[in-house]
$ cat target-v9.csv   # CSV, C-alpha atoms
chain,number,residue,atom,x,y,z
Q,1,MET,CA,92.2,126.7,93.7
Q,2,ARG,CA,95.0,125.0,91.8
Q,3,GLY,CA,95.6,121.3,92.5
Q,4,ASP,CA,99.3,122.0,93.0
Q,5,ALA,CA,99.0,125.1,95.2
Q,6,PRO,CA,101.6,125.3,98.0
Q,7,VAL,CA,100.3,124.0,101.4
Q,8,LEU,CA,101.0,125.5,104.9
Q,9,VAL,CA,101.1,122.7,107.5
Q,10,ILE,CA,100.9,123.9,111.1
Q,11,GLY,CA,102.0,121.4,113.8
Q,12,LEU,CA,104.6,118.7,113.3
Q,13,GLY,CA,103.2,116.0,115.6
Q,14,ARG,CA,102.6,112.5,114.1
Q,15,PHE,CA,99.6,113.7,112.0
Q,16,GLY,CA,101.1,116.9,110.8
Q,17,ALA,CA,104.4,115.4,110.0
Q,18,ALA,CA,102.8,112.5,108.1
Q,19,CYS,CA,100.7,115.0,106.1
Q,20,ALA,CA,103.6,117.3,105.3
Q,21,GLY,CA,105.9,114.4,104.4
Q,22,GLU,CA,103.4,112.8,102.0
Q,23,LEU,CA,102.6,116.2,100.4
Q,24,ASP,CA,106.4,116.6,99.9
Q,25,ARG,CA,106.6,113.2,98.4
Q,26,LEU,CA,103.8,114.1,96.0
Q,27,ASP,CA,106.0,117.1,94.9
Q,28,ARG,CA,103.7,119.7,96.5
Q,29,GLU,CA,105.4,122.7,97.8
Q,30,VAL,CA,105.0,122.6,101.6
Q,31,LEU,CA,105.9,125.0,104.4
Q,32,ALA,CA,105.6,123.2,107.8
Q,33,ILE,CA,105.8,125.1,111.0
Q,34,ASP,CA,105.9,124.3,114.7
Q,35,ASP,CA,106.8,126.2,117.8
Q,36,ASN,CA,108.9,123.3,118.9
Q,37,LEU,CA,112.4,123.7,117.5
Q,38,ASP,CA,113.3,120.0,118.1
Q,39,LEU,CA,110.4,118.9,115.8
Q,40,VAL,CA,111.3,121.5,113.2
Q,41,GLN,CA,114.9,120.2,113.1
Q,42,LYS,CA,113.7,116.6,113.1
Q,43,TRP,CA,111.6,117.1,110.0
Q,44,SER,CA,113.8,119.6,108.2
Q,45,GLU,CA,115.5,116.8,106.1
Q,46,ARG,CA,112.3,115.2,105.0
Q,47,VAL,CA,110.2,118.3,104.3
Q,48,THR,CA,111.6,121.0,102.0
Q,49,HIS,CA,110.6,124.0,104.1
Q,50,THR,CA,110.3,123.9,107.9
Q,51,VAL,CA,110.2,127.0,110.2
Q,52,GLN,CA,109.9,127.5,113.9
Q,53,ALA,CA,107.0,129.8,114.5
Q,54,ASP,CA,104.1,130.3,117.0
Q,55,ALA,CA,101.0,130.2,114.8
Q,56,ARG,CA,98.9,131.4,117.8
Q,57,ASN,CA,100.4,134.8,117.1
Q,58,ILE,CA,99.0,136.3,114.0
Q,59,ASP,CA,102.0,138.5,113.5
Q,60,SER,CA,104.2,135.4,113.4
Q,61,LEU,CA,102.0,133.9,110.7
Q,62,LYS,CA,102.2,137.2,108.7
Q,63,GLN,CA,106.0,137.1,108.9
Q,64,ILE,CA,106.2,133.6,107.3
Q,65,GLY,CA,103.7,134.7,104.6
Q,66,ALA,CA,100.7,132.6,105.7
Q,67,GLN,CA,98.3,135.1,104.0
Q,68,ASP,CA,99.8,134.1,100.6
Q,69,PHE,CA,98.8,130.4,100.9
Q,70,SER,CA,95.5,129.1,99.5
Q,71,VAL,CA,95.6,125.9,101.5
Q,72,ALA,CA,96.4,125.4,105.2
Q,73,VAL,CA,96.3,122.3,107.5
Q,74,VAL,CA,96.0,122.9,111.2
Q,75,ALA,CA,97.4,119.7,112.6
Q,76,VAL,CA,97.7,120.9,116.2
Q,77,GLY,CA,95.7,118.5,118.4
Q,78,SER,CA,97.2,118.5,121.9
Q,79,SER,CA,95.7,121.9,122.7
Q,80,ILE,CA,92.1,122.6,121.6
Q,81,GLU,CA,92.6,126.3,122.5
Q,82,ALA,CA,95.7,126.6,120.3
Q,83,SER,CA,94.0,124.9,117.3
Q,84,VAL,CA,91.0,127.1,117.5
Q,85,LEU,CA,93.1,130.3,117.8
Q,86,ILE,CA,95.3,129.2,114.9
Q,87,THR,CA,92.3,128.5,112.8
Q,88,ALA,CA,90.8,131.9,113.6
Q,89,ASN,CA,94.1,133.5,112.7
Q,90,LEU,CA,94.1,131.8,109.3
Q,91,VAL,CA,90.5,132.9,108.7
Q,92,ASP,CA,91.5,136.5,109.6
Q,93,LEU,CA,94.3,136.2,107.1
Q,94,LYS,CA,91.7,135.1,104.5
Q,95,VAL,CA,93.3,131.7,103.7
Q,96,PRO,CA,90.6,130.2,101.4
Q,97,GLN,CA,90.9,126.5,102.3
Q,98,ILE,CA,91.5,125.5,105.9
Q,99,TRP,CA,91.7,121.9,107.0
Q,100,ALA,CA,91.7,121.4,110.8
Q,101,LYS,CA,92.3,118.4,112.9
Q,102,ALA,CA,89.7,117.8,115.7
Q,103,VAL,CA,90.0,115.5,118.7
Q,104,SER,CA,86.3,115.5,119.6
Q,105,GLN,CA,82.9,116.3,118.1
Q,106,SER,CA,82.7,119.5,120.2
Q,107,HIS,CA,86.1,120.6,119.1
Q,108,GLY,CA,85.2,120.0,115.5
Q,109,LYS,CA,82.0,122.1,115.9
Q,110,ILE,CA,84.0,125.0,117.3
Q,111,LEU,CA,86.5,124.7,114.4
Q,112,ALA,CA,83.7,124.8,111.9
Q,113,ARG,CA,82.1,127.8,113.5
Q,114,VAL,CA,85.4,129.7,113.6
Q,115,GLY,CA,85.7,129.1,109.9
Q,116,ALA,CA,87.5,125.8,109.1
Q,117,ASN,CA,86.3,124.5,105.7
Q,118,HIS,CA,87.2,120.9,106.4
Q,119,VAL,CA,87.3,119.3,109.9
Q,120,ILE,CA,89.2,116.0,110.1
Q,121,TYR,CA,88.8,113.4,112.9
Q,122,PRO,CA,91.8,111.1,112.3
Q,123,GLU,CA,91.5,109.1,115.6
Q,124,ARG,CA,87.7,108.5,115.2
Q,125,GLU,CA,88.1,107.6,111.5
Q,126,ALA,CA,91.0,105.2,112.3
Q,127,GLY,CA,88.9,103.6,115.1
Q,128,GLU,CA,85.9,103.1,112.8
Q,129,ARG,CA,88.2,101.6,110.1
Q,130,VAL,CA,89.7,99.1,112.6
Q,131,ALA,CA,86.3,98.1,113.8
Q,132,HIS,CA,85.5,96.9,110.2
Q,133,LEU,CA,88.8,95.1,109.8
Q,134,VAL,CA,89.0,93.2,113.1
Q,135,SER,CA,86.2,90.9,111.9
Q,136,GLY,CA,88.6,89.5,109.4
Q,137,ARG,CA,86.2,89.8,106.5
Q,138,MET,CA,87.8,92.9,105.0
Q,139,LEU,CA,91.4,93.7,104.3
Q,140,ASP,CA,90.8,97.5,104.0
Q,141,PHE,CA,87.9,99.8,104.5
Q,142,ILE,CA,87.3,103.5,103.8
Q,143,ARG,CA,84.0,105.2,104.7
Q,144,PHE,CA,83.0,108.6,103.3
Q,145,ASP,CA,80.7,111.2,105.0
Q,146,ASP,CA,77.6,110.3,103.0
Q,147,ASP,CA,77.7,106.6,104.2
Q,148,PHE,CA,79.4,105.6,100.9
Q,149,ALA,CA,82.3,103.2,101.5
Q,150,LEU,CA,85.0,101.3,99.6
Q,151,ALA,CA,86.3,97.9,100.9
Q,152,LYS,CA,89.0,95.5,99.8
Q,153,LEU,CA,88.2,91.8,100.5
Q,154,TYR,CA,88.3,88.3,99.2
Q,155,PRO,CA,85.3,87.5,96.9
Q,156,PRO,CA,82.4,85.5,98.2
Q,157,LYS,CA,82.0,82.1,96.5
Q,158,PHE,CA,78.9,82.9,94.5
Q,159,ILE,CA,80.7,85.5,92.3
Q,160,ARG,CA,83.8,83.3,91.5
Q,161,GLY,CA,84.2,81.8,88.1
Q,162,VAL,CA,81.3,83.7,86.4
Q,163,GLY,CA,81.1,87.1,84.8
Q,164,LEU,CA,80.0,89.9,87.2
Q,165,ASN,CA,76.9,90.5,85.2
Q,166,GLU,CA,75.9,86.9,85.6
Q,167,SER,CA,76.5,86.8,89.3
Q,168,GLY,CA,74.0,89.6,89.9
Q,169,VAL,CA,76.1,91.1,92.7
Q,170,ARG,CA,74.7,94.6,92.2
Q,171,THR,CA,71.1,93.6,92.0
Q,172,LYS,CA,71.2,91.1,94.9
Q,173,TYR,CA,73.4,93.0,97.3
Q,174,ASN,CA,73.4,96.6,96.1
Q,175,VAL,CA,77.2,96.8,95.9
Q,176,THR,CA,79.4,97.4,92.9
Q,177,VAL,CA,82.7,95.5,92.2
Q,178,VAL,CA,85.0,98.4,91.2
Q,179,GLY,CA,88.3,96.6,90.7
Q,180,VAL,CA,90.0,93.3,90.8
Q,181,LYS,CA,93.5,92.4,91.9
Q,182,SER,CA,95.0,89.1,90.6
Q,183,PRO,CA,98.3,87.8,92.2
Q,184,GLY,CA,101.3,89.4,90.7
Q,185,LYS,CA,99.3,91.8,88.6
Q,186,PRO,CA,98.1,95.4,89.1
Q,187,PHE,CA,94.6,96.3,90.0
Q,188,ARG,CA,92.3,96.5,87.0
Q,189,TYR,CA,88.8,98.1,86.7
Q,190,ALA,CA,86.0,95.6,86.8
Q,191,GLU,CA,83.7,95.3,83.8
Q,192,ALA,CA,80.4,93.5,83.3
Q,193,ASN,CA,82.1,90.4,81.8
Q,194,THR,CA,85.0,90.4,84.3
Q,195,VAL,CA,85.5,86.9,85.9
Q,196,VAL,CA,86.8,86.8,89.5
Q,197,THR,CA,88.8,83.7,90.5
Q,198,ASN,CA,89.6,82.0,93.8
Q,199,HIS,CA,92.9,83.9,94.0
Q,200,ASP,CA,91.7,87.4,93.4
Q,201,LEU,CA,91.0,90.3,95.7
Q,202,ILE,CA,88.2,92.7,94.9
Q,203,ILE,CA,87.4,96.3,95.6
Q,204,VAL,CA,83.7,97.0,96.2
Q,205,SER,CA,81.7,100.2,96.7
Q,206,GLY,CA,78.3,100.7,98.4
Q,207,THR,CA,76.8,101.8,101.7
Q,208,ASN,CA,78.3,100.9,105.0
Q,209,SER,CA,75.5,98.3,105.8
Q,210,ASP,CA,75.4,96.8,102.3
Q,211,ILE,CA,79.2,96.2,102.2
Q,212,GLU,CA,79.0,94.6,105.7
Q,213,ARG,CA,76.2,92.3,104.5
Q,214,PHE,CA,78.2,91.4,101.3
Q,215,ALA,CA,81.4,90.8,103.3
Q,216,SER,CA,79.6,88.3,105.6
Q,217,LEU,CA,78.8,86.0,102.8
Q,218,GLU,CA,80.5,82.6,102.6
Q,219,ARG,CA,84.0,82.4,101.1

$ encode --input "target-v9.csv" --output "structure tokens"
Amino acid sequence: MRGDAPVLVIGLGRFGAACAGELDRLDREVLAIDDNLDLVQKWSERVTHTVQADARNIDSLKQIGAQDFSVAVVAVGSSIEASVLITANLVDLKVPQIWAKAVSQSHGKILARVGANHVIYPEREAGERVAHLVSGRMLDFIRFDDDFALAKLYPPKFIRGVGLNESGVRTKYNVTVVGVKSPGKPFRYAEANTVVTNHDLIIVSGTNSDIERFASLER
């Protein structure tokens, strides 16, 4: 599948509209559809192609050429029945890559069984992210499916003023400093001899629990 393949986005609620708008900003060709004409008109100026269509009807999908897309995003969340039916329609049309939004674990299981290649849980993922941020230790946090995470935070005292290889951050805490952000400068990749100062921010990678332990160290 080409990295610049056109994307079909179904559903122009907050999640779908954000997805379609960002894809458009990244110069990806996007066709966004919704059965609500008001939403279609609202987003017509921000997304190159918007069409009113009922994706629950497979004939409507055929008419807009859904079968010609290699990537589709099912962003419908308010109706579980509709999202499952739309996903099934896309499977029937042999769309190779289907990303579908789920509002619950059971909803996600149904979508996967119907044929969605990727199931997204935006509300759950946002909630998990906020849980890590409210402690005040981290400025940003992204967790991946295999318990691997990235976090942005202020560096603990023990790694400041010495090279990362001298601080032993990886051997002591099993996390890797991936990048460093100094005030007024772009992020740079961290190297063994990189020295972190009191004014820097760092990006670290590791497991969920290792990053939490590292983030709790004195600053």

$ residues_around --input "target-v9.csv" --residues "Pro6 (chain Q)" --least-positions-apart "3" --cutoff "8 Å" --atoms "all atoms listed in the file" --output "list in words"
Arg28, Glu29, Val30, Leu31, Phe69, Ser70 and Val71 of chain Q

$ closest_residue --input "target-v9.csv" --among "Q:Ala32, Q:Leu90, Q:Cys19, Q:Leu12" --to "Pro122 (chain Q)" --atoms "only C-alpha atoms"
Q:Cys19

$ residues_around --input "target-v9.csv" --residues "region 155-166 of chain Q" --least-positions-apart "6" --cutoff "9 Å" --atoms "all atoms listed in the file" --output "list in words"
Val177, Ala190, Glu191, Ala192, Asn193, Thr194, Val195, Val196, Thr197, Asn198, His199, Asp200, Leu201, Ile202, Phe214, Ala215, Ser216, Leu217, Glu218 and Arg219 of chain Q

$ write_last_selection --input "target-v9.csv" --atoms "C-alpha atoms" --output "PDB file, in the coordinates of the input"
ATOM      1  CA  VAL Q 177      82.700  95.500  92.200  1.00  0.00           C
ATOM      2  CA  ALA Q 190      86.000  95.600  86.800  1.00  0.00           C
ATOM      3  CA  GLU Q 191      83.700  95.300  83.800  1.00  0.00           C
ATOM      4  CA  ALA Q 192      80.400  93.500  83.300  1.00  0.00           C
ATOM      5  CA  ASN Q 193      82.100  90.400  81.800  1.00  0.00           C
ATOM      6  CA  THR Q 194      85.000  90.400  84.300  1.00  0.00           C
ATOM      7  CA  VAL Q 195      85.500  86.900  85.900  1.00  0.00           C
ATOM      8  CA  VAL Q 196      86.800  86.800  89.500  1.00  0.00           C
ATOM      9  CA  THR Q 197      88.800  83.700  90.500  1.00  0.00           C
ATOM     10  CA  ASN Q 198      89.600  82.000  93.800  1.00  0.00           C
ATOM     11  CA  HIS Q 199      92.900  83.900  94.000  1.00  0.00           C
ATOM     12  CA  ASP Q 200      91.700  87.400  93.400  1.00  0.00           C
ATOM     13  CA  LEU Q 201      91.000  90.300  95.700  1.00  0.00           C
ATOM     14  CA  ILE Q 202      88.200  92.700  94.900  1.00  0.00           C
ATOM     15  CA  PHE Q 214      78.200  91.400 101.300  1.00  0.00           C
ATOM     16  CA  ALA Q 215      81.400  90.800 103.300  1.00  0.00           C
ATOM     17  CA  SER Q 216      79.600  88.300 105.600  1.00  0.00           C
ATOM     18  CA  LEU Q 217      78.800  86.000 102.800  1.00  0.00           C
ATOM     19  CA  GLU Q 218      80.500  82.600 102.600  1.00  0.00           C
ATOM     20  CA  ARG Q 219      84.000  82.400 101.100  1.00  0.00           C
TER      21      ARG Q 219
END

$ atom_distance --input "target-v9.csv" --atom1 "CA of Arg213 (chain Q)" --atom2 "CA of Tyr121 (chain Q)"
26.0 Å

$ atom_distance --input "target-v9.csv" --atom1 "CA of Ser104 (chain Q)" --atom2 "CA of Ser83 (chain Q)"
12.4 Å

$ residues_around --input "target-v9.csv" --residues "region 127-144 of chain Q" --least-positions-apart "2" --cutoff "8 Å" --atoms "only C-alpha atoms" --output "PDB file with C-alpha atoms, in the coordinates of the input"
ATOM      1  CA  GLU Q 123      91.500 109.100 115.600  1.00  0.00           C
ATOM      2  CA  ARG Q 124      87.700 108.500 115.200  1.00  0.00           C
ATOM      3  CA  GLU Q 125      88.100 107.600 111.500  1.00  0.00           C
ATOM      4  CA  ASP Q 146      77.600 110.300 103.000  1.00  0.00           C
ATOM      5  CA  ASP Q 147      77.700 106.600 104.200  1.00  0.00           C
ATOM      6  CA  PHE Q 148      79.400 105.600 100.900  1.00  0.00           C
ATOM      7  CA  ALA Q 149      82.300 103.200 101.500  1.00  0.00           C
ATOM      8  CA  LEU Q 150      85.000 101.300  99.600  1.00  0.00           C
ATOM      9  CA  ALA Q 151      86.300  97.900 100.900  1.00  0.00           C
ATOM     10  CA  LYS Q 152      89.000  95.500  99.800  1.00  0.00           C
ATOM     11  CA  LEU Q 153      88.200  91.800 100.500  1.00  0.00           C
ATOM     12  CA  TYR Q 154      88.300  88.300  99.200  1.00  0.00           C
ATOM     13  CA  ASN Q 208      78.300 100.900 105.000  1.00  0.00           C
ATOM     14  CA  ALA Q 215      81.400  90.800 103.300  1.00  0.00           C
ATOM     15  CA  SER Q 216      79.600  88.300 105.600  1.00  0.00           C
TER      16      SER Q 216
END

$ closest_residue --input "target-v9.csv" --among "Q:Val169, Q:Asn174, Q:Pro96, Q:Phe15" --to "Ile120 (chain Q)" --atoms "only C-alpha atoms"
Q:Phe15

$ atom_distance --input "target-v9.csv" --atom1 "CA of Ile203 (chain Q)" --atom2 "CA of Glu22 (chain Q)"
23.9 Å

$ residues_around --input "target-v9.csv" --residues "Gly21 (chain Q)" --least-positions-apart "5" --cutoff "9 Å" --atoms "only C-alpha atoms" --output "PDB file with C-alpha atoms, keeping the file's coordinate frame"
ATOM      1  CA  GLY Q  16     101.100 116.900 110.800  1.00  0.00           C
ATOM      2  CA  LEU Q  26     103.800 114.100  96.000  1.00  0.00           C
ATOM      3  CA  VAL Q  30     105.000 122.600 101.600  1.00  0.00           C
ATOM      4  CA  TRP Q  43     111.600 117.100 110.000  1.00  0.00           C
ATOM      5  CA  ARG Q  46     112.300 115.200 105.000  1.00  0.00           C
ATOM      6  CA  VAL Q  47     110.200 118.300 104.300  1.00  0.00           C
TER       7      VAL Q  47
END

$ residues_near_point --input "target-v9.csv" --point "(112.2, 124.8, 113.5)" --cutoff "8 Å" --atoms "all atoms listed in the file" --output "VMD selection string"
chain Q and resid 33 to 41 44 50 to 53

$ closest_residue --input "target-v9.csv" --among "Q:Arg25, Q:Gln67, Q:Lys101, Q:Val84" --to "Gly13 (chain Q)" --atoms "only C-alpha atoms"
Q:Lys101

$ build_atoms --input "target-v9.csv" --residues "region 29-65 of chain Q" --atoms "N, CA and C atoms" --output "compact mmCIF listing (two decimals), keeping the file's coordinate frame"
# COMPACT_ATOMS: atom_id res chain seq x y z
N GLU Q 29 104.60 121.80 97.03
CA GLU Q 29 105.40 122.70 97.80
C GLU Q 29 104.78 122.85 99.21
N VAL Q 30 105.56 122.63 100.26
CA VAL Q 30 105.00 122.60 101.60
C VAL Q 30 105.88 123.53 102.51
N LEU Q 31 105.21 124.31 103.35
CA LEU Q 31 105.90 125.00 104.40
C LEU Q 31 105.28 124.45 105.72
N ALA Q 32 106.10 123.75 106.51
CA ALA Q 32 105.60 123.20 107.80
C ALA Q 32 106.21 123.95 108.92
N ILE Q 33 105.35 124.33 109.86
CA ILE Q 33 105.80 125.10 111.00
C ILE Q 33 105.38 124.49 112.31
N ASP Q 34 106.17 124.75 113.34
CA ASP Q 34 105.90 124.30 114.70
C ASP Q 34 106.59 125.22 115.64
N ASP Q 35 106.07 125.38 116.85
CA ASP Q 35 106.80 126.20 117.80
C ASP Q 35 107.86 125.45 118.56
N ASN Q 36 107.93 124.14 118.31
CA ASN Q 36 108.90 123.30 118.90
C ASN Q 36 110.13 123.13 117.99
N LEU Q 37 111.26 123.70 118.39
CA LEU Q 37 112.40 123.70 117.50
C LEU Q 37 112.94 122.27 117.25
N ASP Q 38 112.83 121.39 118.24
CA ASP Q 38 113.30 120.00 118.10
C ASP Q 38 112.52 119.32 116.94
N LEU Q 39 111.19 119.53 116.89
CA LEU Q 39 110.40 118.90 115.80
C LEU Q 39 110.71 119.54 114.48
N VAL Q 40 110.93 120.83 114.46
CA VAL Q 40 111.30 121.50 113.20
C VAL Q 40 112.59 120.95 112.65
N GLN Q 41 113.57 120.78 113.53
CA GLN Q 41 114.90 120.20 113.10
C GLN Q 41 114.75 118.78 112.68
N LYS Q 42 113.92 118.03 113.40
CA LYS Q 42 113.70 116.60 113.10
C LYS Q 42 113.20 116.40 111.69
N TRP Q 43 112.27 117.28 111.26
CA TRP Q 43 111.60 117.10 110.00
C TRP Q 43 112.23 117.94 108.85
N SER Q 44 113.26 118.69 109.17
CA SER Q 44 113.80 119.60 108.20
C SER Q 44 114.46 118.86 106.99
N GLU Q 45 114.91 117.61 107.21
CA GLU Q 45 115.50 116.80 106.10
C GLU Q 45 114.49 116.14 105.25
N ARG Q 46 113.28 115.97 105.77
CA ARG Q 46 112.30 115.20 105.00
C ARG Q 46 111.25 116.15 104.34
N VAL Q 47 111.10 117.34 104.86
CA VAL Q 47 110.20 118.30 104.30
C VAL Q 47 110.98 119.53 103.81
N THR Q 48 110.73 119.98 102.61
CA THR Q 48 111.60 121.00 102.00
C THR Q 48 111.70 122.27 102.83
N HIS Q 49 110.56 122.79 103.35
CA HIS Q 49 110.60 124.00 104.10
C HIS Q 49 110.01 123.83 105.50
N THR Q 50 110.82 123.98 106.53
CA THR Q 50 110.30 123.90 107.90
C THR Q 50 110.80 125.16 108.65
N VAL Q 51 109.93 125.72 109.46
CA VAL Q 51 110.20 127.00 110.20
C VAL Q 51 109.69 126.88 111.58
N GLN Q 52 110.46 127.38 112.55
CA GLN Q 52 109.90 127.50 113.90
C GLN Q 52 109.12 128.80 113.99
N ALA Q 53 107.86 128.66 114.37
CA ALA Q 53 107.00 129.80 114.50
C ALA Q 53 105.82 129.47 115.40
N ASP Q 54 105.32 130.46 116.14
CA ASP Q 54 104.10 130.30 117.00
C ASP Q 54 102.93 130.75 116.24
N ALA Q 55 102.15 129.81 115.69
CA ALA Q 55 101.00 130.20 114.80
C ALA Q 55 99.85 130.75 115.65
N ARG Q 56 99.96 130.71 116.98
CA ARG Q 56 98.90 131.40 117.80
C ARG Q 56 99.03 132.87 117.70
N ASN Q 57 100.19 133.32 117.26
CA ASN Q 57 100.40 134.80 117.10
C ASN Q 57 100.25 135.13 115.64
N ILE Q 58 99.26 135.95 115.35
CA ILE Q 58 99.00 136.30 114.00
C ILE Q 58 100.11 137.02 113.28
N ASP Q 59 100.88 137.78 114.04
CA ASP Q 59 102.00 138.50 113.50
C ASP Q 59 103.10 137.50 113.00
N SER Q 60 103.27 136.41 113.76
CA SER Q 60 104.20 135.40 113.40
C SER Q 60 103.78 134.73 112.04
N LEU Q 61 102.48 134.52 111.91
CA LEU Q 61 102.00 133.90 110.70
C LEU Q 61 102.16 134.90 109.50
N LYS Q 62 101.98 136.17 109.75
CA LYS Q 62 102.20 137.20 108.70
C LYS Q 62 103.66 137.18 108.25
N GLN Q 63 104.56 137.04 109.21
CA GLN Q 63 106.00 137.10 108.90
C GLN Q 63 106.43 135.94 108.01
N ILE Q 64 105.78 134.78 108.15
CA ILE Q 64 106.20 133.60 107.30
C ILE Q 64 105.33 133.61 106.00
N GLY Q 65 104.44 134.60 105.84
CA GLY Q 65 103.70 134.70 104.60
C GLY Q 65 102.45 133.81 104.53
